[in-house]
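With mmCIF, C-alpha atoms inside, this is run07.cif:
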```cif
data_coords
loop_
_atom_site.label_atom_id
_atom_site.label_comp_id
_atom_site.auth_asym_id
_atom_site.auth_seq_id
_atom_site.Cartn_x
_atom_site.Cartn_y
_atom_site.Cartn_z
CA GLY A 1459 34.99 80.20 -50.26
CA ALA A 1460 35.31 78.77 -46.70
CA VAL A 1461 38.13 81.02 -45.58
CA VAL A 1462 39.17 81.27 -41.95
CA SER A 1463 41.47 84.04 -40.83
CA GLN A 1464 43.42 84.55 -37.63
CA HIS A 1465 44.83 87.68 -36.11
CA PRO A 1466 47.55 88.29 -35.28
CA SER A 1467 49.70 85.89 -37.27
CA TRP A 1468 52.40 86.19 -34.66
CA VAL A 1469 52.76 87.89 -31.31
CA ILE A 1470 55.47 88.31 -28.71
CA CYS A 1471 54.43 89.13 -25.18
CA LYS A 1472 56.05 89.34 -21.78
CA SER A 1473 55.51 86.77 -19.09
CA GLY A 1474 52.50 87.59 -16.97
CA THR A 1475 50.61 89.52 -19.62
CA SER A 1476 47.54 88.41 -21.55
CA VAL A 1477 47.14 88.10 -25.28
CA LYS A 1478 44.02 87.72 -27.42
CA ILE A 1479 43.87 85.77 -30.67
CA GLU A 1480 40.96 86.26 -33.06
CA CYS A 1481 39.53 83.67 -35.40
CA ARG A 1482 37.08 84.73 -38.09
CA SER A 1483 35.10 82.85 -40.69
CA LEU A 1484 35.13 85.27 -43.62
CA ASP A 1485 32.48 83.96 -45.99
CA PHE A 1486 30.35 81.60 -43.95
CA GLN A 1487 28.77 81.34 -40.55
CA ALA A 1488 30.34 79.01 -38.03
CA THR A 1489 28.30 78.04 -35.01
CA THR A 1490 31.13 75.76 -33.91
CA MET A 1491 34.82 76.55 -33.89
CA PHE A 1492 37.72 74.58 -32.52
CA TRP A 1493 41.02 75.71 -31.02
CA TYR A 1494 44.18 73.66 -31.38
CA ARG A 1495 47.68 74.08 -30.02
CA GLN A 1496 50.79 72.78 -31.70
CA PHE A 1497 54.25 72.62 -30.14
CA PRO A 1498 57.32 72.36 -32.39
CA LYS A 1499 57.62 69.07 -34.26
CA GLN A 1500 54.41 67.77 -32.70
CA SER A 1501 50.86 67.22 -33.82
CA LEU A 1502 47.86 69.48 -33.37
CA MET A 1503 46.23 69.01 -29.99
CA LEU A 1504 42.60 69.97 -29.51
CA MET A 1505 42.20 72.50 -26.72
CA ALA A 1506 38.53 73.34 -26.80
CA THR A 1507 35.31 73.40 -28.78
CA SER A 1508 33.64 76.79 -29.02
CA ASN A 1509 29.93 77.12 -29.68
CA GLU A 1510 28.35 80.45 -30.53
CA GLY A 1511 26.43 81.87 -27.62
CA SER A 1512 27.44 79.25 -25.08
CA LYS A 1513 30.39 78.24 -22.97
CA ALA A 1514 33.30 76.47 -24.56
CA THR A 1515 34.00 72.82 -23.87
CA TYR A 1516 37.60 72.24 -22.86
CA GLU A 1517 39.65 69.10 -23.35
CA GLN A 1518 41.09 67.35 -20.35
CA GLY A 1519 44.18 69.09 -19.04
CA VAL A 1520 43.39 72.48 -20.60
CA GLU A 1521 42.83 75.17 -17.98
CA LYS A 1522 39.65 77.05 -18.81
CA ASP A 1523 40.61 79.97 -16.57
CA LYS A 1524 43.88 80.37 -18.40
CA PHE A 1525 42.62 79.96 -21.94
CA LEU A 1526 39.48 82.06 -22.18
CA ILE A 1527 37.34 81.40 -25.23
CA ASN A 1528 34.55 83.66 -26.38
CA HIS A 1529 32.34 82.93 -29.37
CA ALA A 1530 30.06 85.92 -29.38
CA SER A 1531 29.05 85.89 -33.02
CA LEU A 1532 28.65 83.42 -35.86
CA THR A 1533 31.84 84.64 -37.48
CA LEU A 1534 34.18 85.35 -34.58
CA SER A 1535 35.77 83.32 -31.81
CA THR A 1536 38.55 84.62 -29.60
CA LEU A 1537 41.13 82.86 -27.47
CA THR A 1538 42.73 84.85 -24.67
CA VAL A 1539 45.82 83.45 -23.04
CA THR A 1540 45.85 84.97 -19.57
CA SER A 1541 48.98 85.45 -17.45
CA ALA A 1542 51.07 83.94 -20.20
CA HIS A 1543 54.25 82.06 -19.35
CA PRO A 1544 57.07 80.84 -21.59
CA GLU A 1545 55.60 77.33 -21.62
CA ASP A 1546 52.51 78.78 -23.34
CA SER A 1547 54.66 79.64 -26.34
CA SER A 1548 53.16 77.64 -29.16
CA PHE A 1549 51.37 77.74 -32.50
CA TYR A 1550 47.64 78.24 -31.98
CA ILE A 1551 45.32 77.21 -34.80
CA CYS A 1552 41.59 77.70 -35.01
CA SER A 1553 39.17 75.79 -37.17
CA ALA A 1554 35.56 76.32 -38.12
CA ASP A 1555 32.99 73.60 -38.66
CA SER A 1556 31.36 73.77 -42.08
CA GLN A 1557 27.87 72.67 -41.01
CA GLY A 1558 26.73 72.98 -44.55
CA ALA A 1559 26.56 70.68 -47.51
CA GLN A 1560 29.81 69.07 -46.32
CA PRO A 1561 28.99 68.50 -42.64
CA TYR A 1562 32.21 66.74 -41.81
CA GLU A 1563 34.57 69.39 -43.07
CA GLN A 1564 36.56 71.76 -40.91
CA TYR A 1565 38.29 74.80 -42.31
CA PHE A 1566 41.55 75.83 -40.70
CA GLY A 1567 43.04 79.22 -40.09
CA PRO A 1568 46.68 80.02 -40.85
CA GLY A 1569 47.69 79.87 -37.19
CA THR A 1570 49.10 82.33 -34.68
CA ARG A 1571 52.63 81.99 -33.37
CA LEU A 1572 52.79 83.04 -29.71
CA THR A 1573 56.15 83.66 -28.07
CA VAL A 1574 56.22 84.50 -24.38
CA THR A 1575 59.46 86.01 -23.12
CA GLY B 638 63.78 55.34 -45.86
CA GLU B 639 61.79 55.98 -42.71
CA SER B 640 63.16 56.92 -39.33
CA VAL B 641 61.39 57.31 -36.04
CA GLY B 642 62.80 59.31 -33.20
CA LEU B 643 61.61 61.46 -30.37
CA HIS B 644 59.76 63.74 -32.77
CA LEU B 645 57.84 63.18 -35.94
CA PRO B 646 59.04 60.25 -38.03
CA THR B 647 60.65 61.21 -41.33
CA LEU B 648 60.21 59.62 -44.72
CA SER B 649 62.97 60.48 -47.17
CA VAL B 650 62.41 59.84 -50.86
CA GLN B 651 63.89 60.81 -54.19
CA GLU B 652 62.02 63.05 -56.60
CA GLY B 653 59.84 60.97 -58.87
CA ASP B 654 59.44 58.11 -56.41
CA ASN B 655 56.08 57.11 -55.00
CA SER B 656 55.61 57.88 -51.29
CA ILE B 657 53.49 56.02 -48.80
CA ILE B 658 52.70 57.61 -45.47
CA ASN B 659 50.98 55.54 -42.83
CA CYS B 660 48.76 56.38 -39.91
CA ALA B 661 47.14 54.37 -37.15
CA TYR B 662 43.94 55.92 -35.86
CA SER B 663 42.45 55.38 -32.47
CA ASN B 664 38.67 55.44 -32.57
CA SER B 665 36.93 52.50 -34.21
CA ALA B 666 33.75 54.61 -34.31
CA SER B 667 35.32 57.34 -36.44
CA ASP B 668 33.37 57.95 -39.62
CA TYR B 669 35.48 60.45 -41.47
CA PHE B 670 39.19 60.68 -42.16
CA ILE B 671 41.30 63.41 -43.73
CA TRP B 672 44.91 63.80 -44.72
CA TYR B 673 46.45 67.23 -44.24
CA LYS B 674 49.70 68.74 -45.41
CA GLN B 675 51.37 71.31 -43.21
CA GLU B 676 54.23 73.50 -44.26
CA SER B 677 56.39 75.24 -41.70
CA GLY B 678 54.59 78.09 -39.95
CA LYS B 679 51.28 77.51 -41.73
CA GLY B 680 47.94 75.95 -40.94
CA PRO B 681 46.94 72.48 -42.17
CA GLN B 682 46.05 72.21 -45.85
CA PHE B 683 43.39 69.69 -46.93
CA ILE B 684 44.66 66.97 -49.26
CA ILE B 685 42.04 64.23 -49.46
CA ASP B 686 39.32 62.68 -47.34
CA ILE B 687 37.50 59.39 -47.08
CA ARG B 688 34.38 58.18 -45.33
CA SER B 689 34.30 54.97 -43.33
CA ASN B 690 32.06 53.26 -45.89
CA MET B 691 34.89 53.36 -48.43
CA ASP B 692 38.29 51.69 -48.49
CA LYS B 693 39.96 53.69 -51.24
CA ARG B 694 39.70 57.12 -52.74
CA GLN B 695 41.82 58.74 -55.41
CA GLY B 696 42.65 62.33 -56.11
CA GLN B 697 45.19 64.03 -58.28
CA ARG B 698 48.47 62.17 -57.63
CA VAL B 699 47.18 61.06 -54.21
CA THR B 700 45.33 57.98 -53.01
CA VAL B 701 44.00 57.29 -49.55
CA LEU B 702 43.47 53.75 -48.33
CA LEU B 703 41.42 52.87 -45.28
CA ASN B 704 41.62 49.55 -43.44
CA LYS B 705 39.03 49.60 -40.69
CA THR B 706 39.90 46.12 -39.49
CA VAL B 707 43.27 47.26 -38.22
CA LYS B 708 42.42 50.97 -37.92
CA HIS B 709 44.99 51.97 -40.47
CA LEU B 710 45.06 54.79 -42.97
CA SER B 711 47.62 55.44 -45.66
CA LEU B 712 48.37 58.21 -48.10
CA GLN B 713 50.06 57.40 -51.36
CA ILE B 714 51.67 60.21 -53.35
CA ALA B 715 52.63 59.38 -56.91
CA ALA B 716 55.68 60.91 -58.58
CA THR B 717 56.69 62.81 -55.46
CA GLN B 718 58.00 66.30 -56.07
CA PRO B 719 60.18 68.62 -53.94
CA GLY B 720 57.10 70.75 -53.35
CA ASP B 721 55.53 67.82 -51.56
CA SER B 722 58.08 68.17 -48.75
CA ALA B 723 56.09 68.95 -45.63
CA VAL B 724 54.59 67.34 -42.57
CA TYR B 725 51.58 65.12 -43.23
CA PHE B 726 48.90 64.43 -40.65
CA CYS B 727 45.97 62.11 -40.68
CA ALA B 728 42.89 63.20 -38.76
CA GLU B 729 39.69 61.43 -37.73
CA LYS B 730 36.23 62.59 -36.82
CA ALA B 731 33.58 60.52 -35.06
CA GLN B 732 30.60 62.43 -36.42
CA ALA B 733 29.57 65.73 -37.91
CA GLY B 734 29.92 68.60 -35.49
CA THR B 735 32.68 67.05 -33.41
CA ALA B 736 36.32 68.02 -33.65
CA LEU B 737 38.93 66.42 -35.87
CA ILE B 738 41.50 64.54 -33.85
CA PHE B 739 44.97 64.50 -35.34
CA GLY B 740 47.46 61.66 -35.56
CA LYS B 741 51.16 62.02 -34.84
CA GLY B 742 52.30 63.14 -38.28
CA THR B 743 55.13 62.25 -40.65
CA THR B 744 57.72 64.53 -42.17
CA LEU B 745 58.17 63.90 -45.88
CA SER B 746 61.53 64.98 -47.27
CA VAL B 747 61.92 64.90 -51.04
CA SER B 748 65.36 65.28 -52.54
CA SER B 749 65.96 66.13 -56.20
#
```

Before anything else, please render the file you have as structure tokens.
Amino acid sequence: GAVVSQHPSWVICKSGTSVKIECRSLDFQATTMFWYRQFPKQSLMLMATSNEGSKATYEQGVEKDKFLINHASLTLSTLTVTSAHPEDSSFYICSADSQGAQPYEQYFGPGTRLTVT
Amino acid sequence: GESVGLHLPTLSVQEGDNSIINCAYSNSASDYFIWYKQESGKGPQFIIDIRSNMDKRQGQRVTVLLNKTVKHLSLQIAATQPGDSAVYFCAEKAQAGTALIFGKGTTLSVSS
């Protein structure tokens, strides 16, 4: 149980275009999901906290108008990178809060590799 | 041995050795700590966790030690195997419902 999926697993897009990444909790409901970004040979950096039915909370330095997060259902959160530029190329990882018997656990997706050319 | 450069520090060990990976965490109010293993191109994989009311927890071949006085966490891997080669991250969480915050990470390289 507690599986989180992401789609796509990798995507290449041209500079100036937008790309959407989906994060789904497959066998549980997640009222809270988190989005992380990871550059090569670096750690995971929290971008935003996504709560179902409300606006996401962004970390300092993350542009909310560039990284649009929508958490419209208890099993789906999406991250849209708008007007992507090469510096947005990164590994994007989502995570869902368990909120169950193990309230501290977070379940991670497999990540999405974004390359902007 | 261990080396630290511009990127993640690397710990190089021989197969069969015991490995110790260290982490300094930032928030003295953190209540929950996890060690993750990450292989290239994949998401983090849970290894072991510990709550702040404990100072040691053991799993299969792994042990986590927590020293709250100096805000230090360590992961011990017994009889390290080539399959253990990966990047290891510690992560902390202040309370349920908040996000895990990740430490810098260490690359473990196991040679046979």

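For the atom pair formed by CA of Lys1499 in chain A and CA of Gln1464 in chain A, the distance is 21.3 Å, given to one decimal.
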
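Between chain B and the candidates A:Asp1546, A:Glu1563, A:Glu1521, A:Asp1485, the tightest atom-to-atom separation, counting all atoms listed in the file, involves A:Glu1563.
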
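Computed from the coordinates, the CA of Lys1522 in chain A to CA of Gly678 in chain B distance equals 25.9 Å.
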
Neighbour residues at most 10 Å from (43.0, 51.4, -32.6) (all atoms listed in the file) as a ChimeraX atom specification: /B:661-666,705-709

Interface list for chain B, partner chain A, 6 Å threshold, only C-alpha atoms, as a ChimeraX atom specification: /B:644,679-680,733,741

Keeping only C-alpha atoms, write the selected residues as a JSON list (two decimals), keeping the file's coordinate frame.
```
[["chain", "number", "residue", "atom", "x", "y", "z"],
["B", 644, "HIS", "CA", 59.76, 63.74, -32.77],
["B", 679, "LYS", "CA", 51.28, 77.51, -41.73],
["B", 680, "GLY", "CA", 47.94, 75.95, -40.94],
["B", 733, "ALA", "CA", 29.57, 65.73, -37.91],
["B", 741, "LYS", "CA", 51.16, 62.02, -34.84]]
```

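Going from CA of Met691 in chain B to CA of Ser711 in chain B covers 13.2 Å.
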
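Using all atoms listed in the file for every distance, the candidate list B:Leu702, B:Val724, B:Ala736, B:Leu745 yields B:Val724 as the residue closest to Gln675 in chain B.
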
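Contact shell of Lys730 in chain B at 6 Å (only C-alpha atoms; same-chain neighbours under 5 positions omitted): Ser667, Tyr669 and Leu737 of chain B.
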
Who sits within 7 Å of Tyr673 in chain B, only C-alpha atoms, same chain under 5 positions skipped, as a PyMOL selection string: chain B and resi 681-684+725-727

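For the structure shown here, the set of residues caught by the PyMOL selection byres ((chain B and resi 747) around 10) is Leu648, Ser649, Val650, Gln651, Glu652, Gly653, Asp654, Ser656, Thr717, Gln718, Pro719, Gly720, Asp721, Ser722, Ala723, Thr744, Leu745, Ser746, Ser748 and Ser749 of chain B.
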
Selection: 6 Å around Thr1475 in chain A, all atoms listed in the file, excl. self and same-chain fewer than 2 positions, as a count of residues only: 4

For Ile671 in chain B: contacts at 7 Å, all atoms listed in the file, fewer than 5 positions along chain excluded, given as a count of residues only: 6

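Nearest-residue note for Phe670 in chain B: choosing from B:Gly742, B:Arg688, B:Gln695, B:Val701, the minimum distance belongs to B:Arg688, counting all atoms listed in the file.
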
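Of the listed residues (A:Ala1514, A:Cys1471, A:Thr1573, A:Ser1548), A:Ser1548 comes nearest to Gln1496 in chain A; the distances count all atoms listed in the file.
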
Reference answer for the PyMOL selection byres ((chain A and resi 1544) around 6), as a ChimeraX atom specification: /A:1543,1545-1547,1574-1575

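The residue that comes closest to Thr1536 in chain A, out of A:Gly1474, A:Thr1515, A:Cys1481, A:Phe1486 and on the basis of all atoms listed in the file, is A:Cys1481.
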